[in-house]
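Enquirer: Below is a structure I'd like to ask you about.
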Amino acid sequence: MGMVEWFEFQMPGKVICAEHCVDSIGTEMDKACGNKVLVVTDEDVEKAGLVRHVIDGMESGNGEIVGVFNEVPPNSELQVVQACYEKALKLEADALISVGGGSSIDTAKAAAMLMVEGGNLIDHQSAVYMPRGPLPPHIAVPTTSGTGSESTYMAVILDKDQQLKVRFQAPELTPTVAMLDPVMTITMPPPLTASTGMDAMAHCIEAMYSEMHQPISDSLSLHAIRLIARYLPAATRNGDDIEARTYMAIAANMAGTAFANSSTTIVHAMANSVGGHFGVPHGVANAILLPYGMEFNIDFMPEEVAPRLRMVAEAFGLDVSGDDDVEASKKAVEVIKGLTVELGLPRKLSEAGVPEDGLERVSRDAMLDGSIFNNPGEPELEQVIDLFRKAY
Ligand SMILES: [Fe+2]
């Protein structure tokens with residue numbers, strides 16, 4: 001397996017998981033010392049009645065909800081974070097609860113930064129953000145099972161002017177508590193269940209072969225892969241399947257912790273870029289690009305990547321005992337392709353509203369994304385353009 005080199009692993013937040021655990025969110029907020037809470041969400045989540053669960057759950061504690069910021073778009077933006085912060089300031093909020101997908105959770109993380117730092121968010125962007133003081137308590141309640149943002153220490157926010165996704169990261173940004181309640185995910189429609197689940201799958205697989213892979217993340221990734229392979233089709237077919245919803249919430253959380261420590265790679269670099277430029281939903285972009293990224297890396301860096309993807313094939317339950325590493329890893333790619341078809345997701349970027357003449361531009365920005373620096377080897381711009389064309 002090769003010698004273990006130096007690695008670092010962090011999991012700064014608490015995770016709670018149970019059906020109806022949100023009923024006790026007020027108690028959790030008391031433990032976190034939050035009193036005046038701003039809820040950060042989006043209109044669809046609010047209309048689906050999910051914010052109501054949180055408001056009711058706050059009755060279990062002594063804190064109060066002072067307002068609801070429901071203006072988070074599918075890809076959060078710098079201006080949205082500023083507006084959220086200003087609302088928190090005006091209402092004198094001292095704590096946050098995010099209810100939604102990665103966009104709402106990341107908005108709350110970035111707003112929490114501003115509640116300590118003040119000013120403009122973009123001025124605080126740094127590879128190593130050092131807060132001036134403790135960030136306000138933040139409880140994250142994911143309503144999708146994909147990003148893992150409820151337990152990761154980074155926030156990705158769109159800079160609309162530059163059409164670029166900007167990353168903020170520091171252990172302090174991790175939500176104080178992540179509450180995984182399957183009841184909060186049952187209103188997700190099948191396409192969103194499928195695409196967000198494939199985002200989680202991409203986190204696992206990329207974390208397995210990233211240059212920063214490490215044994216603790218491996219264990220999280222491999223078990224999350226088993227859970228996603230088993231439960232994502234069921235959760236997509238029948239949204240009321242609480243067992244499938246619960247295991248998908250757990251898998252997405254484990255996958256988030258895995259990639260937060262081991263990093264994603266070329267797939268996420270490319271997905272972030274098409275998301276920033278053309279608004280392709282994050283999960284859809286990753287679902288399309290994942291098999292292409294795996295195939296590219298098997299050919300590009302076979303000695304590094306194929307033994308890692310062999311473990312992925314084994315996690316899928318495939319018998320690869322008679323195969324060499326490259327053969328075994330290609331079988332893992334076929335499983336991903338089959339899963340995408342089974343889930344009814346698009347398989348090409350041309351089906352996701354990406355214009356063909358935009359591929360060179362998105363390739364240039366993918367080369368600047370932090371994830372690409374952790375891809376095994378150093379892919380060249382021409383290779384990224386080529387890969388985008390293959391996935392088009
Ligand atoms: Fe992702």
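In the structure tokens, each chain is lettered A, B, ... as it comes, each chain's residues begin at 1, and ligands are numbered from 1 in order of appearance.
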Just the strand (DSSP E or B) stuff from region 71-206 of chain A, please, per backbone DSSP, written as a list in words.
Expert: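 Checking each residue of region 71-206 of chain A, the strand (DSSP E or B) ones are Glu71, Glu77, Ala95, Leu96, Ile97, Ser98, Val99, Gly100, His138, Ile139, Ala140, Val141, Pro142, Met154, Ala155, Val156, Ile157, Leu158, Asp159, Leu164, Lys165, Val166, Arg167, Phe168, Gln169, Val177, Ala178, Met179 and Leu180 of chain A.
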Enquirer: Let me see if you get this right: every residue at most 10 Å from ligand 1, counting only C-alpha atoms and all ligand atoms, written as a VMD selection string.
Expert: chain A and resid 102 146 to 149 156 196 to 204 252 255 to 256 259 264 267 to 269 271 to 272 282 to 283 285 to 287
Enquirer: What gap, in Å, lies between CA of Ala366 (chain A) and CA of Ser104 (chain A)?
Expert: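 Rounded to one decimal, the two atoms are 23.7 Å apart.
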Enquirer: Using only C-alpha atoms, which residue out of A:Thr257, A:Ala178, A:Ile242, A:Val68 lies closest to Ser217 (chain A)?
Expert: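 Nearest to Ser217 (chain A): A:Thr257.
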Enquirer: If you count only C-alpha atoms, which residues fall within 9 Å of Leu192 (chain A), apart from same-chain ones fewer than 6 positions away, as an mmCIF file with N, CA, C and O atoms, in the first residue's frame?
Expert:
data_model
loop_
_atom_site.group_PDB
_atom_site.id
_atom_site.type_symbol
_atom_site.label_atom_id
_atom_site.label_comp_id
_atom_site.auth_asym_id
_atom_site.auth_seq_id
_atom_site.Cartn_x
_atom_site.Cartn_y
_atom_site.Cartn_z
ATOM 1 N N THR A 144 -30.472 18.648 1.722
ATOM 2 C CA THR A 144 -30.042 17.780 0.630
ATOM 3 C C THR A 144 -28.991 16.835 1.214
ATOM 4 O O THR A 144 -28.478 17.094 2.306
ATOM 5 N N THR A 236 -33.835 7.941 -4.536
ATOM 6 C CA THR A 236 -34.294 8.637 -5.739
ATOM 7 C C THR A 236 -35.653 8.086 -6.195
ATOM 8 O O THR A 236 -36.535 8.846 -6.594
ATOM 9 N N GLY A 283 -24.206 19.434 -8.372
ATOM 10 C CA GLY A 283 -24.324 17.973 -8.416
ATOM 11 C C GLY A 283 -24.414 17.459 -9.850
ATOM 12 O O GLY A 283 -23.826 16.417 -10.186
ATOM 13 N N VAL A 284 -25.127 18.177 -10.688
ATOM 14 C CA VAL A 284 -25.269 17.770 -12.095
ATOM 15 C C VAL A 284 -23.904 17.807 -12.781
ATOM 16 O O VAL A 284 -23.509 16.861 -13.487
#
Enquirer: Can you tell me, as a count of residues only, what residues are no more than 12 Å from Ser262 (chain A) when counting only C-alpha atoms, ignoring any on the same chain fewer than 5 positions away?
Expert: 31
Enquirer: Using only C-alpha atoms, find the one residue out of A:Gly26, A:Gly377, A:Gly322, A:Pro142 that sits nearest to Asp56 (chain A).
Expert: A:Gly26
Enquirer: Measure the distance from CA of Glu64 (chain A) to CA of Val81 (chain A) in Å and round it to one decimal.
Expert: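 These two atoms are separated by 21.9 Å.
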Enquirer: May I ask for the distance between CA of Leu349 (chain A) and CA of Phe388 (chain A), given in Å to one decimal place?
Expert: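 Pair CA of Leu349 (chain A) / CA of Phe388 (chain A) returns 8.3 Å.
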Enquirer: Quick one: residues within 12 Å of Leu38 (chain A), only C-alpha atoms, excluding same-chain residues fewer than 5 positions away - as an MDAnalysis selection string?
Expert: chainID A and resid 29 51 54:55 58 63:70 84:99 108 111:112 115 136:140
Enquirer: Restricting it to N, CA, C and O atoms, dump the selection as a short mmCIF file (atom, residue, chain, number, x, y, z; two decimals), in the first residue's frame.
Expert:
data_model
loop_
_atom_site.label_atom_id
_atom_site.label_comp_id
_atom_site.auth_asym_id
_atom_site.auth_seq_id
_atom_site.Cartn_x
_atom_site.Cartn_y
_atom_site.Cartn_z
N MET A 29 -29.05 24.55 20.58
CA MET A 29 -28.65 25.95 20.52
C MET A 29 -28.30 26.48 21.92
O MET A 29 -27.36 27.26 22.08
N VAL A 51 -38.60 25.16 7.26
CA VAL A 51 -38.21 26.14 8.28
C VAL A 51 -39.14 26.02 9.49
O VAL A 51 -38.73 26.22 10.63
N VAL A 54 -37.88 23.79 12.12
CA VAL A 54 -36.82 24.41 12.92
C VAL A 54 -37.43 25.37 13.95
O VAL A 54 -37.03 25.37 15.13
N ILE A 55 -38.40 26.16 13.50
CA ILE A 55 -39.06 27.11 14.42
C ILE A 55 -39.71 26.33 15.57
O ILE A 55 -39.56 26.67 16.74
N MET A 58 -37.14 24.93 18.01
CA MET A 58 -36.52 25.91 18.92
C MET A 58 -37.27 26.00 20.24
O MET A 58 -36.73 26.47 21.24
N GLY A 63 -33.66 29.86 23.53
CA GLY A 63 -33.36 30.90 22.54
C GLY A 63 -34.58 31.28 21.73
O GLY A 63 -35.63 30.63 21.81
N GLU A 64 -34.44 32.35 20.93
CA GLU A 64 -35.56 32.77 20.08
C GLU A 64 -35.06 33.02 18.66
O GLU A 64 -33.90 33.36 18.44
N ILE A 65 -35.97 32.84 17.71
CA ILE A 65 -35.64 33.16 16.32
C ILE A 65 -36.03 34.61 16.08
O ILE A 65 -37.19 34.98 16.26
N VAL A 66 -35.02 35.43 15.71
CA VAL A 66 -35.30 36.86 15.52
C VAL A 66 -35.60 37.20 14.05
O VAL A 66 -36.07 38.29 13.76
N GLY A 67 -35.33 36.28 13.15
CA GLY A 67 -35.63 36.56 11.74
C GLY A 67 -35.28 35.39 10.85
O GLY A 67 -34.61 34.45 11.26
N VAL A 68 -35.81 35.48 9.61
CA VAL A 68 -35.51 34.45 8.61
C VAL A 68 -34.98 35.17 7.36
O VAL A 68 -35.66 36.04 6.81
N PHE A 69 -33.78 34.84 6.95
CA PHE A 69 -33.21 35.35 5.70
C PHE A 69 -33.41 34.26 4.66
O PHE A 69 -32.79 33.20 4.73
N ASN A 70 -34.34 34.51 3.70
CA ASN A 70 -34.71 33.42 2.77
C ASN A 70 -34.30 33.72 1.33
O ASN A 70 -34.92 33.24 0.40
N CYS A 84 -27.24 39.07 4.03
CA CYS A 84 -27.53 38.20 5.17
C CYS A 84 -26.87 38.77 6.43
O CYS A 84 -27.49 38.86 7.50
N TYR A 85 -25.62 39.17 6.30
CA TYR A 85 -24.89 39.76 7.43
C TYR A 85 -25.58 41.03 7.92
O TYR A 85 -25.74 41.23 9.12
N GLU A 86 -26.00 41.88 6.97
CA GLU A 86 -26.66 43.13 7.37
C GLU A 86 -27.96 42.85 8.14
O GLU A 86 -28.29 43.54 9.10
N LYS A 87 -28.68 41.81 7.70
CA LYS A 87 -29.90 41.44 8.43
C LYS A 87 -29.56 40.96 9.84
O LYS A 87 -30.24 41.32 10.82
N ALA A 88 -28.52 40.16 9.96
CA ALA A 88 -28.10 39.68 11.29
C ALA A 88 -27.74 40.85 12.20
O ALA A 88 -28.09 40.89 13.38
N LEU A 89 -27.03 41.82 11.61
CA LEU A 89 -26.60 43.02 12.36
C LEU A 89 -27.82 43.81 12.84
O LEU A 89 -27.93 44.18 14.01
N LYS A 90 -28.76 44.05 11.91
CA LYS A 90 -29.94 44.84 12.21
C LYS A 90 -30.79 44.18 13.30
O LYS A 90 -31.33 44.86 14.18
N LEU A 91 -30.89 42.86 13.25
CA LEU A 91 -31.73 42.13 14.22
C LEU A 91 -30.96 41.76 15.49
O LEU A 91 -31.49 41.11 16.39
N GLU A 92 -29.67 42.16 15.53
CA GLU A 92 -28.79 41.85 16.68
C GLU A 92 -28.73 40.35 16.96
O GLU A 92 -28.74 39.92 18.12
N ALA A 93 -28.71 39.57 15.89
CA ALA A 93 -28.61 38.12 16.04
C ALA A 93 -27.23 37.76 16.61
O ALA A 93 -26.23 38.41 16.29
N ASP A 94 -27.18 36.71 17.44
CA ASP A 94 -25.88 36.25 17.96
C ASP A 94 -25.64 34.78 17.59
O ASP A 94 -24.71 34.15 18.11
N ALA A 95 -26.50 34.23 16.74
CA ALA A 95 -26.34 32.83 16.34
C ALA A 95 -27.06 32.61 15.00
O ALA A 95 -27.93 33.40 14.63
N LEU A 96 -26.66 31.54 14.31
CA LEU A 96 -27.26 31.24 13.00
C LEU A 96 -27.72 29.79 12.94
O LEU A 96 -27.08 28.91 13.54
N ILE A 97 -28.83 29.58 12.24
CA ILE A 97 -29.21 28.21 11.86
C ILE A 97 -29.37 28.23 10.35
O ILE A 97 -30.15 29.03 9.81
N SER A 98 -28.61 27.41 9.65
CA SER A 98 -28.79 27.31 8.19
C SER A 98 -29.66 26.09 7.90
O SER A 98 -29.46 25.02 8.49
N VAL A 99 -30.62 26.29 7.01
CA VAL A 99 -31.53 25.21 6.63
C VAL A 99 -31.56 25.17 5.10
O VAL A 99 -32.08 26.08 4.46
N ALA A 108 -24.34 30.99 5.47
CA ALA A 108 -24.30 31.21 6.91
C ALA A 108 -22.86 31.19 7.43
O ALA A 108 -22.49 31.99 8.29
N ALA A 111 -21.45 34.53 6.45
CA ALA A 111 -22.07 35.59 7.24
C ALA A 111 -21.52 35.57 8.67
O ALA A 111 -21.29 36.62 9.28
N ALA A 112 -21.26 34.36 9.20
CA ALA A 112 -20.67 34.25 10.54
C ALA A 112 -19.29 34.91 10.58
O ALA A 112 -18.93 35.57 11.56
N MET A 115 -19.85 38.54 10.88
CA MET A 115 -20.34 38.93 12.22
C MET A 115 -19.17 39.15 13.18
O MET A 115 -19.32 39.80 14.21
N PRO A 136 -19.84 33.16 15.80
CA PRO A 136 -21.10 32.85 16.48
C PRO A 136 -21.50 31.39 16.29
O PRO A 136 -21.12 30.76 15.30
N PRO A 137 -22.28 30.84 17.24
CA PRO A 137 -22.75 29.46 17.07
C PRO A 137 -23.54 29.31 15.76
O PRO A 137 -24.30 30.22 15.41
N HIS A 138 -23.33 28.21 15.09
CA HIS A 138 -24.01 27.96 13.82
C HIS A 138 -24.44 26.49 13.78
O HIS A 138 -23.59 25.59 13.84
N ILE A 139 -25.74 26.26 13.75
CA ILE A 139 -26.24 24.89 13.59
C ILE A 139 -26.70 24.73 12.15
O ILE A 139 -27.49 25.55 11.65
N ALA A 140 -26.18 23.72 11.48
CA ALA A 140 -26.53 23.48 10.07
C ALA A 140 -27.49 22.30 9.96
O ALA A 140 -27.24 21.24 10.55
#
Enquirer: Pick out the closest residue to Gln79 (chain A) from this set: A:Ala235, A:Val312, A:Val335, A:Leu158. Count only C-alpha atoms.
Expert: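 Residue with the minimum atom-to-atom distance to Gln79 (chain A): A:Leu158.
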Enquirer: Pick the closest to Gly13 (chain A) from A:Ala48, A:Met188, A:Val128, A:Val177: which is it, counting only C-alpha atoms?
Expert: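 Among the listed residues, the smallest separation from Gly13 (chain A) belongs to A:Val177.
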Enquirer: Which residues are near Gly133 (chain A)? Cut-off 12 Å, only C-alpha atoms, ignore same chain within fewer than 2 positions. Put them as an MDAnalysis selection string.
Expert: chainID A and resid 112:118 129:131 135:136 172:173
Enquirer: Go ahead and save the picked residues with N, CA, C and O atoms, as a PDB file, in the first residue's frame.
Expert:
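Below is the file again22.pdb, written as the result:
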ATOM      1  N   ALA A 112     -21.256  34.365   9.196  1.00  0.00           N
ATOM      2  CA  ALA A 112     -20.665  34.250  10.541  1.00  0.00           C
ATOM      3  C   ALA A 112     -19.294  34.915  10.585  1.00  0.00           C
ATOM      4  O   ALA A 112     -18.929  35.571  11.559  1.00  0.00           O
ATOM      5  N   MET A 113     -18.529  34.759   9.478  1.00  0.00           N
ATOM      6  CA  MET A 113     -17.222  35.448   9.389  1.00  0.00           C
ATOM      7  C   MET A 113     -17.403  36.944   9.525  1.00  0.00           C
ATOM      8  O   MET A 113     -16.694  37.620  10.272  1.00  0.00           O
ATOM      9  N   LEU A 114     -18.399  37.473   8.788  1.00  0.00           N
ATOM     10  CA  LEU A 114     -18.614  38.928   8.805  1.00  0.00           C
ATOM     11  C   LEU A 114     -19.124  39.393  10.161  1.00  0.00           C
ATOM     12  O   LEU A 114     -18.860  40.534  10.568  1.00  0.00           O
ATOM     13  N   MET A 115     -19.847  38.540  10.881  1.00  0.00           N
ATOM     14  CA  MET A 115     -20.345  38.927  12.216  1.00  0.00           C
ATOM     15  C   MET A 115     -19.173  39.147  13.185  1.00  0.00           C
ATOM     16  O   MET A 115     -19.317  39.796  14.209  1.00  0.00           O
ATOM     17  N   VAL A 116     -18.009  38.582  12.840  1.00  0.00           N
ATOM     18  CA  VAL A 116     -16.806  38.814  13.652  1.00  0.00           C
ATOM     19  C   VAL A 116     -15.939  39.915  13.045  1.00  0.00           C
ATOM     20  O   VAL A 116     -15.429  40.783  13.743  1.00  0.00           O
ATOM     21  N   GLU A 117     -15.812  39.876  11.724  1.00  0.00           N
ATOM     22  CA  GLU A 117     -14.850  40.770  11.064  1.00  0.00           C
ATOM     23  C   GLU A 117     -15.453  42.091  10.600  1.00  0.00           C
ATOM     24  O   GLU A 117     -14.751  43.096  10.514  1.00  0.00           O
ATOM     25  N   GLY A 118     -16.749  42.086  10.223  1.00  0.00           N
ATOM     26  CA  GLY A 118     -17.358  43.270   9.610  1.00  0.00           C
ATOM     27  C   GLY A 118     -16.801  43.491   8.207  1.00  0.00           C
ATOM     28  O   GLY A 118     -16.019  42.690   7.694  1.00  0.00           O
ATOM     29  N   TYR A 129      -7.592  31.605   6.652  1.00  0.00           N
ATOM     30  CA  TYR A 129      -8.322  32.671   7.340  1.00  0.00           C
ATOM     31  C   TYR A 129      -8.141  32.498   8.855  1.00  0.00           C
ATOM     32  O   TYR A 129      -8.357  31.430   9.408  1.00  0.00           O
ATOM     33  N   MET A 130      -7.714  33.569   9.515  1.00  0.00           N
ATOM     34  CA  MET A 130      -7.523  33.542  10.976  1.00  0.00           C
ATOM     35  C   MET A 130      -8.526  34.505  11.588  1.00  0.00           C
ATOM     36  O   MET A 130      -8.340  35.720  11.503  1.00  0.00           O
ATOM     37  N   PRO A 131      -9.602  34.008  12.217  1.00  0.00           N
ATOM     38  CA  PRO A 131     -10.602  34.922  12.759  1.00  0.00           C
ATOM     39  C   PRO A 131     -10.077  35.762  13.921  1.00  0.00           C
ATOM     40  O   PRO A 131      -9.214  35.304  14.667  1.00  0.00           O
ATOM     41  N   LEU A 135     -16.271  32.673  16.326  1.00  0.00           N
ATOM     42  CA  LEU A 135     -17.416  32.882  15.437  1.00  0.00           C
ATOM     43  C   LEU A 135     -18.704  32.551  16.185  1.00  0.00           C
ATOM     44  O   LEU A 135     -18.693  31.748  17.119  1.00  0.00           O
ATOM     45  N   PRO A 136     -19.843  33.160  15.797  1.00  0.00           N
ATOM     46  CA  PRO A 136     -21.104  32.853  16.477  1.00  0.00           C
ATOM     47  C   PRO A 136     -21.498  31.389  16.289  1.00  0.00           C
ATOM     48  O   PRO A 136     -21.116  30.765  15.297  1.00  0.00           O
ATOM     49  N   GLU A 172     -12.543  27.168  11.910  1.00  0.00           N
ATOM     50  CA  GLU A 172     -13.587  27.897  12.654  1.00  0.00           C
ATOM     51  C   GLU A 172     -14.875  28.058  11.851  1.00  0.00           C
ATOM     52  O   GLU A 172     -15.924  28.356  12.414  1.00  0.00           O
ATOM     53  N   LEU A 173     -14.808  27.924  10.532  1.00  0.00           N
ATOM     54  CA  LEU A 173     -16.024  28.065   9.706  1.00  0.00           C
ATOM     55  C   LEU A 173     -16.943  26.845   9.811  1.00  0.00           C
ATOM     56  O   LEU A 173     -18.112  26.902   9.442  1.00  0.00           O
TER      57      LEU A 173
END
Enquirer: Using only C-alpha atoms, pick whichever of A:Cys17, A:Val354, A:Leu318, A:Val80 has the shortest atom-to-atom distance to Lys160 (chain A).
Expert: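 Among the listed residues, the smallest separation from Lys160 (chain A) belongs to A:Val80.
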Enquirer: Tell me which of A:Thr185, A:Ser151, A:Ser195, A:Ser321 sits closest to Pro171 (chain A), counting only C-alpha atoms.
Expert: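 So, comparing all the options, the nearest one is A:Ser151.
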Enquirer: Determine, counting only C-alpha atoms, which protein, DNA and RNA residues have an atom within 12 Å of an atom of Ser126 (chain A); residues of the same chain fewer than 3 positions away are not included. Present the result as number ranges by chain.
Expert: A: 121-123, 129-131, 154-155, 166-170
Enquirer: Please produce a file of those selected residues containing C-alpha atoms, as a PDB file, in the first residue's frame.
Expert:
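Final output, saved to result-v1.pdb:
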ATOM      1  CA  LEU A 121     -16.513  39.484   2.541  1.00  0.00           C
ATOM      2  CA  ILE A 122     -14.078  39.509  -0.380  1.00  0.00           C
ATOM      3  CA  ASP A 123     -11.515  41.370   1.780  1.00  0.00           C
ATOM      4  CA  TYR A 129      -8.322  32.671   7.340  1.00  0.00           C
ATOM      5  CA  MET A 130      -7.523  33.542  10.976  1.00  0.00           C
ATOM      6  CA  PRO A 131     -10.602  34.922  12.759  1.00  0.00           C
ATOM      7  CA  MET A 154     -14.956  25.829   3.752  1.00  0.00           C
ATOM      8  CA  ALA A 155     -17.480  28.107   2.107  1.00  0.00           C
ATOM      9  CA  VAL A 166     -14.327  32.098  -4.354  1.00  0.00           C
ATOM     10  CA  ARG A 167     -13.312  29.782  -1.513  1.00  0.00           C
ATOM     11  CA  PHE A 168     -13.037  30.735   2.159  1.00  0.00           C
ATOM     12  CA  GLN A 169     -11.582  28.209   4.564  1.00  0.00           C
ATOM     13  CA  ALA A 170     -10.670  27.802   8.212  1.00  0.00           C
TER      14      ALA A 170
END
